[in-house]
Every structure is written in structure tokens, then in C-alpha cells.
Amino acid sequence: MAKWSVCSVKQSEPERGPQHQPKMSPTSNWYNAIAHVDADCFFASCELMRRPDLKGQAVCVLSSQDACVVAKTYDAKALGIKTGMPVWDAKKLMPQAHYLSADFRFYGQLSEKMFSILRRYSPDVEVYSIDEAFIDMNGIRSMWKMSYRQIADHIRQTVYQEVGITVSVGISTTRILAKIASEMNKPNGSTIIPGRRISRFLRDVPIGDVPGIGRSRQQLMKKMQIHTAYDFTNSPIARIDDALGKVGVDLWHELSGVPVYPLQLHTPMPKNIARTASLGTVTTNRKIIEAHISYHTTRIITELVRQHLTTSMITVFLRHKSFEAVGDKTRITATNEFSTINHVVKTLLANIFTQGNPYRACGVIASNIQPYAQQGELFAADSTSKQLALMRIMDEINNRYGLQSLKPAHALVKAKSQVRFQYPVLNYAIKY
Ligand SMILES: [Mg+2]
């Protein structure tokens with residue numbers, strides 16, 4: 001097995017706004033308005049929606065072949081069950097919980113339904129992940145003749161009535177503030193932060209709760225005596241620039257209420273979908289590594305299904321304790337099916353895993369991304385693939401429109417929502 005590095009794969013910089021703008025002192029509360037809508041415990045809520053008999057009980061949703069927890073209800077969370085936790089650890093903590101296998105097609109359908117509701121409120125919706133969206137709210141108050149709080153409450157009620165799941169909504173002047181706000185009153189809460197309340201709001205936000213401040217940055221902030229988001233915005237920008245560079249400067253502006261990250265409404269199709277992370281510890285335990293790989297695979301397939309995409313190239317890599325990476329990849333027939341991709345991932349992992357070797361990180365990358373069931377695929381492929389592709393299309397139509405809806409198949413499978421796709425994971429991978 002040749003040494004292999006993800007460092008060679010380049011990822012383009014996400015588009016960003018102007019740099020080093022002067023700190024804006026808001027003359028009005030709503031010089032800019034962005035909402036962040038985030039479903040509460042999304043996969044678990046989807047399961048509870050169709051299994052009302054489980055309401056009020058702890059539910060964990062499991063990844064492929066039930067290797068690890070990919071979502072859980074708040075009761076399960078309260079007992080220390082974490083996303084990504086191997087199922088055997090979760091069952092030790094909470095044997096009485098209900099453990100259900102994930103059903104990504106179902107979650108994808110509910111997610112589409114939720115986003116279609118959000119588009120009624122504003123034409124500018126950025127789908128950020130399977131259960132989160134940003135909405136441009138400028139001008140929306142006068143259109144709906146409601147305050148932002150009323151609109152936020154209305155969104156929550158409508159999603160609950162029509163989809164059967166709860167969401168939390170945050171509205172403020174920048175993306176980062178809206179995202180932090182939506183976390184504040186979870187589950188099923190609205191949090192509105194107008195311009196003049198930003199500074200007060202930030203005093204109660206621990207620096208570790210700010211998106212983009214992970215564990216290592218948090219430690220650095222601690223050394224700089226920055227404990228809250230308020231401390232961060234109160235530090236001289238040059239000091240933040242020295243410590244964190246451009247990311248920090250952008251964050252400083254966004255937290256101060258100056259929008260830097262525009263909504264990404266027209267993002268091109270991704271070239272790769274990658275999920276990688278540290279194992280949390282250096283380990284030789286194959287079961288732990290398999291659980292992590294299984295979790296990454298689950299997340300990749302969630303994105304493929306949600307965005308109506310397929311992959312025809314799968315890569316799996318492991319990073320040794322010595323930071324050296326080893327990987328393997330293979331071509332497959334374009335698919336987003338769990339069983340196929342999971343089987344390939346397992347085979348690739350078996351090719352690169354060496355018993356007794358200590359590993360610190362791992363990842364899965366899906367590349368050669370294409371729209372799901374393209375017309376070209378039907379004509380170019382052999383008859384088995386043709387049939388399979390046709391069945392997929394029919395399945396999709398039947399799921400959405402009922403059995404009589406064959407005619408709009410072509411239009412349906414070609415129609416794709418515009419989604420954000422910027423996982424800077426390939427860069428992320430090289431940090432370990
Ligand atoms: Mg969520």
C-alpha cells in the first residue's frame with residue numbers, strides 16, 4: 001500500500017465578503033436581517049414523527065449496520081450519549097433507550113418539505129445542511145406585516161403542523177449571530193437579537209459556543225483571557241488577527257454585527273463530499289475505527305441523498321499516530337445507496353488497516369459527484385443499470401407524488417434545489 005496523502009487535494013476558498021471593514025455602529029436595529037432555522041434532534045424527531053408511540057422516551061438513531069449513534073433525543077443526550085458514540089457504549093449508558101436504524105431517504109423527504117415551507121417566507125434560502133437553513137429576512141417584515149419574533153414563531157408552528165417536527169429559529173444581523181441565537185432556546189424556541197442587543201447577548205455566550213471556535217482555538221482564547229464572545233469582540237482586532245488570522249477577523253466582524261459571510265444561494269455542485277475527524281484518542285482498536293468510519297459514511301450518504309447526488313469514487317484513509325496517512329480508493333457505479341457504499345468503505349478499510357498500528361484520525365471521501373439518475377446514465381449504461389436507474393426514478397416519484405406520477409419523472413429528477421456545499425474537510429484532515 002503506497003503512502004497516501006489528502007494534502008494533495010486542493011479545496012477552493014469559500015467566497016467571503018470584504019475584509020477589515022470598519023466596525024459598524026448600528027444606526028438601526030435591523031440594517032441587515034438573517035434567520036437561522038435548525039431542526040431539533042432532526043433524525044430522532046423524524047423517527048418520533050412516524051413512531052408517536054415512542055414520544056417521551058429516549059430514542060437513538062443508529063448508522064449503517066447499527067455501529068454508532070448518529071442522532072439522539074434530548075433525554076438520551078442528558079445521560080451522556082453523544083453523536084458518533086459506538087452503539088455498545090451507548091447501550092451501556094442507556095439500555096432502556098430505543099435504538100432505531102437510520103432511514104436517510106425518509107429524512108431527506110422531510111428535509112425537502114421543511115425547506116419548501118421556508119421558501120414561502122423568503123425567496124432567498126440557503127440550505128446549509130440536511131436540517132439547517134439561513135434565510136435572508138430583509139424586507140420580509142413589511143411583506144408579512146409581522147415582527148421578526150412573530151415570523152420566527154410562525155415558521156416554527158408551520159413546520160410543526162406540516163412536517164411534524166420542531167425547529168428552533170434565531171434572527172439577527174449576521175449569519176454567525178443568527179446561528180448562535182437559534183441554539184439559545186432549543187428545542188422549539190425563537191431567539192431574536194436586534195442590533196442594539198448584540199453586545200448584551202454576547203456576554204452570555206461562552207467562547208466555545210461560537211461556530212468556528214473548536215477545542216484548540218478555545219484553549220488559545222483562554223490563554224488570551226477571552227472567555228466569552230463579548231471578550232472576543234472587545235479585543236483589539238489586531239490581536240485577534242495575530243492569533244487566528246483571517247478566520248478570526250471575519251468572526252470578529254460577524255460577532256460585532258457586521259455581515260461578512262453572504263448567503264450562498266447559488267453554490268455549484270460539489271466536487272467531493274468528505275468527512276474526516278480525529279478519533280479523539282490514539283487507538284489500535286479496530287472496532288472504534290470502524291465506528292468512526294461508519295459515522296462518516298452515514299454523514300456523506302445523508303448529504304448525497306439530500307442533494308440528489310451520486311458518487312462513483314470512494315476513498316478511505318487512516319492517519320497514523322505519526323501523522324502519516326494511508327489510504328485506498330476505488331471506482332464504483334454511480335450510487336447513493338447505503339449498502340453499496342458501506343460495503344465498499346468496509347473493503348477499503350480492510351485494505352489499509354494494520355493490526356496493532358496506532359491511529360489518530362480517519363475519513364471517507366466521496367468523489368466524482370453527479371446528479372442522481374441523469375438522463376445520460378440511462379442510455380449509456382448496460383441494461384441492468386438502466387433498469388436500476390429507472391427503478392430509482394420511479395421510486396423517487398412514487399415517494400413524492402404517488403403511483404400515478406410517472407410522467408413528470410424527467411423533470412423531477414433533474415430538478416435540484418440550490419444548496420450550500422462547502423465542507424473544508426480536506427484542509428481539515430491535514431491538521432491531525
Ligand atoms: Mg439540528
# chains A, B, ... in the order shown; residues from 1 in each chain; ligands from 1
call {"tool": "select_by_dssp", "arguments": {"residues": "stretch 95-217 of chain A", "states": "helix (DSSP H, G or I)", "output": "MDAnalysis selection string"}}
result
chainID A and resid 104:121 140:144 148:163 175:184 195:203 207:209 215:217
call {"tool": "residues_near_ligand", "arguments": {"ligand": "ligand 1", "cutoff": "10 Å", "atoms": "only C-alpha atoms and all ligand atoms", "output": "ChimeraX atom specification"}}
result
/A:37-43,45,71,129-133,166-168,182-183,186-187
call {"tool": "write_last_selection", "arguments": {"atoms": "C-alpha atoms", "output": "CSV table (one decimal), in the first residue's frame"}}
result
chain,number,residue,atom,x,y,z
A,37,VAL,CA,-33.6,27.7,11.2
A,38,ASP,CA,-32.4,24.5,12.8
A,39,ALA,CA,-34.4,21.3,13.3
A,40,ASP,CA,-34.2,19.9,16.8
A,41,CYS,CA,-32.6,16.4,17.0
A,42,PHE,CA,-33.6,16.0,13.4
A,43,PHE,CA,-33.2,12.3,12.7
A,45,SER,CA,-37.5,13.8,15.5
A,71,ALA,CA,-28.7,11.2,16.4
A,129,SER,CA,-27.3,21.1,5.8
A,130,ILE,CA,-30.0,18.4,5.9
A,131,ASP,CA,-31.7,20.2,8.8
A,132,GLU,CA,-30.5,23.8,8.8
A,133,ALA,CA,-31.1,26.8,6.6
A,166,THR,CA,-39.9,21.1,15.9
A,167,VAL,CA,-37.3,23.6,14.8
A,168,SER,CA,-35.6,26.5,16.6
A,182,SER,CA,-31.0,29.6,17.2
A,183,GLU,CA,-29.2,27.5,19.8
A,186,LYS,CA,-33.7,24.9,21.9
A,187,PRO,CA,-35.9,22.9,21.4
call {"tool": "select_by_dssp", "arguments": {"residues": "stretch 18-243 of chain A", "states": "strand (DSSP E or B)", "output": "PyMOL selection string"}}
result
chain A and resi 34-39+59-62+68-72+86+98-101+125-129+132-136+167-172+190-192+206+228
call {"tool": "residues_around", "arguments": {"residues": "A:Ile213", "least_positions_apart": "3", "cutoff": "12 Å", "atoms": "only C-alpha atoms", "output": "list in words"}}
result
Ile176, Pro206, Ile207, Gly208, Asp209, Val210, Ser216, Arg217, Gln218, Gln219, Leu220, Met221, Lys222, Ile226, His227, Thr228, Ala229, Phe232, Leu244, Val247, Gly248, Leu251 and Trp252 of chain A
call {"tool": "closest_residue", "arguments": {"among": "A:Arg319, A:Asn138, A:Ile300, A:Glu337", "to": "A:Ala366", "atoms": "only C-alpha atoms"}}
result
A:Ile300
call {"tool": "residues_around", "arguments": {"residues": "A:Val305", "least_positions_apart": "2", "cutoff": "12 Å", "atoms": "only C-alpha atoms", "output": "ChimeraX atom specification"}}
result
/A:103-112,129-130,273,298-303,307-311,335-338,369-373,392,396,416
call {"tool": "closest_residue", "arguments": {"among": "A:Asp53, A:Asp250, A:Glu47, A:Asp231", "to": "A:Asp204", "atoms": "only C-alpha atoms"}}
result
A:Asp231
call {"tool": "closest_residue", "arguments": {"among": "A:Arg331, A:Arg286, A:Arg50, A:His296", "to": "A:Ala350", "atoms": "only C-alpha atoms"}}
result
A:Arg286
